[in-house]
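Structure, as structure tokens:
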Amino acid sequence: MIQMTGFAQEPDALRVGMIDAAARVVGSHHYILGPEVAAFEAAWANASGTKHSVGVASGLDALEIALRVLDIGPGDEVITTPMTAFASVLAIIRAGATPVLADIDPDTALLSIDSVARCLSSRTRAVMLVHLYGQARDVGRWAAFCDDHGIELLEDCAQSHLAVSDGRPAGTFGRVGAYSFYPTKNLGALGDAGALVTDEPALAARAASLRNYGQRERYEHVEAGLNSRLDEMQAAILSARLPWLAAFTERRRAIAAAYRDRLSHPDIRLLAAPRMPSEHVHHQFVLTTTRRDELAAHLQGQGVASLVHYPVPMHRQPALAGIAHDPEGLSMSDRHAAEVLSIPCHPQLSDDDVSAVIAAVNSLTTS
Ligand SMILES: *Cc1c(COP(=O)(O)O)cnc(C)c1O
């Protein structure tokens with residue numbers, strides 16, 4: 001079976017690097033907010049093109065803390081997409097703000113700027129732009145849009161590690177960006193982890209306080225924060241994995257290029273190609289077809305795994321019943337959720353695996 005993730009096929013040198021990192025932490029007797037966290041934060045700030053990175057416990061927490069350091073909370077509206085992980089919307093709710101859903105552009109499955117414009121109100125404080133599947137497309141245009149409307153841009157970079165748009169790293173277009181290092185992300189820990197990035201020292205300091213119960217000095221709590229500390233073990237693992245990220249990203253790009261070149265079936269469509277290779281880090285490679293469930297079953301029969309990102313858009317989630325949205329509806333999100341399928345695109349796929357995936361997709365019978 002060709003799987004959606006390739007942990008078992010990772011290089012030996014990476015495995016040894018992680019075991020050495022873990023041994024270092026075990027021997028250090030320092031487990032929370034120590035030198036490993038500081039070292040990874042510095043390395044991640046450098047890799048992601050920002051001055052400061054603050055390690056936290058998850059991508060969800062990174063988004064919540066990002067909103068809170070921007071003073072976004074009760075009474076404020078944040079516009080985002082229905083086609084994302086639940087965490088994007090949950091972070092807005094946890095910050096005390098009100099999520100508003102805009103529809104997507106069917107060519108990219110990313111937020112439609114026209115739909116976002118219809119969702120603006122006097123209470124809108126931010127757009128949370130999700131770089132879905134690893135696409136950081138045309139982010140400069142979003143920064144200009146938010147500037148024009150006097151609102152913040154918050155990039156959800158959970159799927160877009162190392163993406164660069166208009167010559168600028170994703171996550172740096174707004175004042176603060178948020179990352180997840182969930183194990184299956186392009187850079188993942190061996191458990192939960194996340195980070196905020198910012199160029200503003202005051203925002204970084206407030207995020208560092210919020211992740212640790214809102215403490216300024218030990219036992220002096222200046223606001224009601226959370227327990228969202230990145231631990232030394234996950235930080236050490238992330239430091240061991242980070243040096244591999246650039247090459248793994250290039251491998252994802254090569255696989256996606258092969259798919260774009262050689263996938264060919266009258267019933268299957270691909271998203272628009274990125275303007276520049278740097279704008280896409282291919283966290284997922286998705287195709288769309290009205291025969292999605294049939295294709296998934298066919299692939300399974302050919303020994304190829306697949307997944308749906310995401311089968312239930314946010315406005316169809318029971319927990320979000322009644323959520324505010326574009327007055328013209330969210331029909332593009334509904335259609336995408338019904339038609340999208342992710343096929344294997346991880347860096348450990350061999351060229352033979354890639355050819356096998358392509359042959360499996362192309363051999364779906366024509367209807
Ligand atoms: C994974 C993910 C998150 C949440 O990250 P966690 O670390 O799982 O909390 C948020 N947004 C998007 C787009 C994601 O893919």
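Chain labels A, B, ... are given in the sequence in which chains occur in the structure tokens; within each chain residues are numbered consecutively from 1, and ligands are likewise numbered from 1 in the order shown.
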Within 12 Å of segment 78-96 of chain A, which residues of segment 188-303 of chain A come that close, and what is the closest atom pair and distance in Å for each? Count only C-alpha atoms and give it as a Markdown table.
| residue | atom | partner | partner_atom | distance |
| --- | --- | --- | --- | --- |
| A:Leu210 | CA | A:Ala95 | CA | 11.9 |
| A:Ala224 | CA | A:Ala95 | CA | 11.7 |
| A:Gly225 | CA | A:Ala95 | CA | 10.8 |
| A:Leu226 | CA | A:Arg94 | CA | 11.1 |
Within-10 Å residues of ligand 1, basis only C-alpha atoms and all ligand atoms, as a VMD selection string: chain A and resid 56 to 63 81 83 to 91 129 to 134 155 to 160 178 to 185 188 to 189 191 to 195 283 309
Which residue of A:Cys146, A:Val116, A:Ala66, A:Thr98 approaches Arg211 of chain A most closely, using only C-alpha atoms: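 Closest to Arg211 of chain A, using only C-alpha atoms: A:Ala66.
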Quick one: which segment 17-127 of chain A residues come within 6 Å of segment 229-238 of chain A, and what is the nearest atom pair for each with the distance in Å to one decimal, counting only C-alpha atoms, rows ordered by chain and ascending number, as a tab-separated table?
residue	atom	partner	partner_atom	distance
A:Met18	CA	A:Ile237	CA	5.5
A:Ala21	CA	A:Ala236	CA	5.4
A:Tyr31	CA	A:Glu232	CA	5.0
A:Ile32	CA	A:Asp231	CA	4.7
A:Glu36	CA	A:Glu232	CA	5.3
A:Val37	CA	A:Ala235	CA	5.1
A:Phe40	CA	A:Ala235	CA	5.8
A:Gly55	CA	A:Leu230	CA	5.3
A:Val56	CA	A:Leu230	CA	4.5
A:Ala57	CA	A:Leu230	CA	4.9
Counting only C-alpha atoms, give me one row per residue of segment 269-352 of chain A with an atom at most 12 Å from an atom of segment 244-247 of chain A, showing the shortest contact pair and its distance in Å to one decimal, sorted by chain then residue number, as CSV.
residue,atom,partner,partner_atom,distance
A:Ser278,CA,A:Ala246,CA,11.4
A:Val281,CA,A:Ala246,CA,9.8
A:His283,CA,A:Leu245,CA,12.0
A:His346,CA,A:Leu245,CA,11.7
A:Pro347,CA,A:Ala247,CA,8.6
A:Gln348,CA,A:Ala247,CA,11.0
Please run DSSP on the backbone and report, as a PyMOL selection string, all residues within segment 234-345 of chain A that come out as helix (DSSP H, G or I). chain A and resi 234-262+277-279+292-301+314-316+318-320+331-339
Selection: 10 Å around Pro311 of chain A, only C-alpha atoms, excl. self and same-chain fewer than 6 positions, as a list of chain:residue names: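 Surrounding residues, per the criterion: A:Met83, A:Asp334, A:His336, A:Ala337, A:Ala338, A:Glu339, A:Val340, A:Leu341.
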Atomic separation - atom CA of Pro169 of chain A relative to atom CA of His52 of chain A, Å: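 Atom CA of Pro169 of chain A lies 13.8 Å from atom CA of His52 of chain A.
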Can you work out which one of A:Gly150, A:Gly329, A:Gly167, A:Gly174 has the shortest atom-to-atom distance to Leu67 of chain A, counting only C-alpha atoms?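 Closest to Leu67 of chain A of all the choices is A:Gly174.
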Please identify all polymer residues within 12 Å of Ser121 of chain A, counting only C-alpha atoms, omitting same-chain residues fewer than 2 positions from it, and present them as a list in words.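 These residues fall inside the cut-off: Gly75, Asp76, Glu77, Val78, Ile79, Thr98, Val100, Val116, Ala117, Arg118, Cys119, Arg123, Thr124, Arg125, Ala126, Val127, His149, Gly150, Ile151, Ala324, His325 and Asp326 of chain A.
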Restricting the calculation to only C-alpha atoms: of A:Ser28, A:Ser165, A:Gln3, A:Thr365, which residue gets closest to Ala143 of chain A? A:Ser165
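Using only C-alpha atoms for every distance, the candidate list A:Trp142, A:Val16, A:Thr198, A:Asp148 yields A:Thr198 as the residue closest to Gly49 of chain A.
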What is the distance between atom CA of Ser342 of chain A and atom CA of Val139 of chain A, in Å to one decimal?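 Straight-line distance from atom CA of Ser342 of chain A to atom CA of Val139 of chain A works out to 23.6 Å.
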Selection: 8 Å around Asp353 of chain A, only C-alpha atoms, excl. self and same-chain fewer than 4 positions, as a PyMOL selection string: chain A and resi 2+349+357
Selection: 9 Å around Ala258 of chain A, only C-alpha atoms, excl. self and same-chain fewer than 3 positions, as a PyMOL selection string: chain A and resi 253-255+261-263+354-355+358
Residues of the last selection are to be written out with all heavy atoms, as a PDB file, in the first residue's frame.
ATOM      1  N   ARG A 253       7.722  19.135  -4.188  1.00  0.00           N
ATOM      2  CA  ARG A 253       7.498  19.896  -5.429  1.00  0.00           C
ATOM      3  C   ARG A 253       7.730  19.021  -6.655  1.00  0.00           C
ATOM      4  O   ARG A 253       6.990  19.111  -7.648  1.00  0.00           O
ATOM      5  CB  ARG A 253       8.421  21.120  -5.482  1.00  0.00           C
ATOM      6  CG  ARG A 253       8.022  22.198  -4.499  1.00  0.00           C
ATOM      7  CD  ARG A 253       8.678  23.549  -4.808  1.00  0.00           C
ATOM      8  NE  ARG A 253       8.158  24.544  -3.886  1.00  0.00           N
ATOM      9  CZ  ARG A 253       8.876  25.163  -2.942  1.00  0.00           C
ATOM     10  NH1 ARG A 253      10.174  24.926  -2.819  1.00  0.00           N
ATOM     11  NH2 ARG A 253       8.307  26.032  -2.138  1.00  0.00           N
ATOM     12  N   ALA A 254       8.732  18.166  -6.596  1.00  0.00           N
ATOM     13  CA  ALA A 254       9.022  17.292  -7.743  1.00  0.00           C
ATOM     14  C   ALA A 254       7.879  16.294  -7.957  1.00  0.00           C
ATOM     15  O   ALA A 254       7.480  16.020  -9.101  1.00  0.00           O
ATOM     16  CB  ALA A 254      10.349  16.566  -7.524  1.00  0.00           C
ATOM     17  N   ILE A 255       7.366  15.775  -6.858  1.00  0.00           N
ATOM     18  CA  ILE A 255       6.252  14.817  -6.961  1.00  0.00           C
ATOM     19  C   ILE A 255       5.021  15.522  -7.550  1.00  0.00           C
ATOM     20  O   ILE A 255       4.364  15.003  -8.465  1.00  0.00           O
ATOM     21  CB  ILE A 255       5.938  14.208  -5.577  1.00  0.00           C
ATOM     22  CG1 ILE A 255       7.115  13.341  -5.114  1.00  0.00           C
ATOM     23  CG2 ILE A 255       4.638  13.403  -5.618  1.00  0.00           C
ATOM     24  CD1 ILE A 255       7.094  13.002  -3.629  1.00  0.00           C
ATOM     25  N   ASP A 261       2.065  16.881 -14.590  1.00  0.00           N
ATOM     26  CA  ASP A 261       2.463  16.486 -15.930  1.00  0.00           C
ATOM     27  C   ASP A 261       1.721  15.267 -16.444  1.00  0.00           C
ATOM     28  O   ASP A 261       1.346  15.199 -17.604  1.00  0.00           O
ATOM     29  CB  ASP A 261       3.940  16.055 -15.819  1.00  0.00           C
ATOM     30  CG  ASP A 261       4.799  16.825 -16.745  1.00  0.00           C
ATOM     31  OD1 ASP A 261       4.453  17.994 -16.985  1.00  0.00           O
ATOM     32  OD2 ASP A 261       5.800  16.235 -17.226  1.00  0.00           O
ATOM     33  N   ARG A 262       1.575  14.291 -15.578  1.00  0.00           N
ATOM     34  CA  ARG A 262       1.199  12.953 -16.062  1.00  0.00           C
ATOM     35  C   ARG A 262      -0.172  12.469 -15.629  1.00  0.00           C
ATOM     36  O   ARG A 262      -0.658  11.458 -16.150  1.00  0.00           O
ATOM     37  CB  ARG A 262       2.287  11.946 -15.639  1.00  0.00           C
ATOM     38  CG  ARG A 262       3.611  12.194 -16.381  1.00  0.00           C
ATOM     39  CD  ARG A 262       4.832  11.651 -15.645  1.00  0.00           C
ATOM     40  NE  ARG A 262       4.699  10.241 -15.303  1.00  0.00           N
ATOM     41  CZ  ARG A 262       5.429   9.611 -14.371  1.00  0.00           C
ATOM     42  NH1 ARG A 262       6.356  10.279 -13.695  1.00  0.00           N
ATOM     43  NH2 ARG A 262       5.244   8.339 -14.124  1.00  0.00           N
ATOM     44  N   LEU A 263      -0.835  13.151 -14.694  1.00  0.00           N
ATOM     45  CA  LEU A 263      -2.208  12.751 -14.360  1.00  0.00           C
ATOM     46  C   LEU A 263      -3.108  13.207 -15.497  1.00  0.00           C
ATOM     47  O   LEU A 263      -3.042  14.363 -15.925  1.00  0.00           O
ATOM     48  CB  LEU A 263      -2.677  13.401 -13.057  1.00  0.00           C
ATOM     49  CG  LEU A 263      -2.143  12.808 -11.755  1.00  0.00           C
ATOM     50  CD1 LEU A 263      -2.599  13.656 -10.571  1.00  0.00           C
ATOM     51  CD2 LEU A 263      -2.567  11.354 -11.582  1.00  0.00           C
ATOM     52  N   VAL A 354       5.425   7.125  -7.244  1.00  0.00           N
ATOM     53  CA  VAL A 354       4.749   8.225  -7.947  1.00  0.00           C
ATOM     54  C   VAL A 354       4.135   7.704  -9.246  1.00  0.00           C
ATOM     55  O   VAL A 354       2.976   7.997  -9.570  1.00  0.00           O
ATOM     56  CB  VAL A 354       5.741   9.377  -8.208  1.00  0.00           C
ATOM     57  CG1 VAL A 354       5.129  10.445  -9.105  1.00  0.00           C
ATOM     58  CG2 VAL A 354       6.193   9.991  -6.876  1.00  0.00           C
ATOM     59  N   SER A 355       4.898   6.897  -9.972  1.00  0.00           N
ATOM     60  CA  SER A 355       4.369   6.332 -11.225  1.00  0.00           C
ATOM     61  C   SER A 355       3.177   5.419 -10.947  1.00  0.00           C
ATOM     62  O   SER A 355       2.203   5.405 -11.726  1.00  0.00           O
ATOM     63  CB  SER A 355       5.458   5.532 -11.956  1.00  0.00           C
ATOM     64  OG  SER A 355       6.475   6.405 -12.375  1.00  0.00           O
ATOM     65  N   ILE A 358       0.118   7.563 -10.279  1.00  0.00           N
ATOM     66  CA  ILE A 358      -0.375   8.140 -11.540  1.00  0.00           C
ATOM     67  C   ILE A 358      -1.120   7.078 -12.358  1.00  0.00           C
ATOM     68  O   ILE A 358      -2.238   7.318 -12.848  1.00  0.00           O
ATOM     69  CB  ILE A 358       0.802   8.741 -12.339  1.00  0.00           C
ATOM     70  CG1 ILE A 358       1.362   9.969 -11.606  1.00  0.00           C
ATOM     71  CG2 ILE A 358       0.360   9.107 -13.763  1.00  0.00           C
ATOM     72  CD1 ILE A 358       2.715  10.444 -12.123  1.00  0.00           C
TER      73      ILE A 358
END
Give the strand (DSSP E) residues of segment 111-357 of chain A, as assigned by DSSP on the backbone, as a ChimeraX atom specification. /A:111,124-130,152-156,164-165,168-169,176-180,194-198,215-217,220-221,269-270,285-288,324-325,340-343
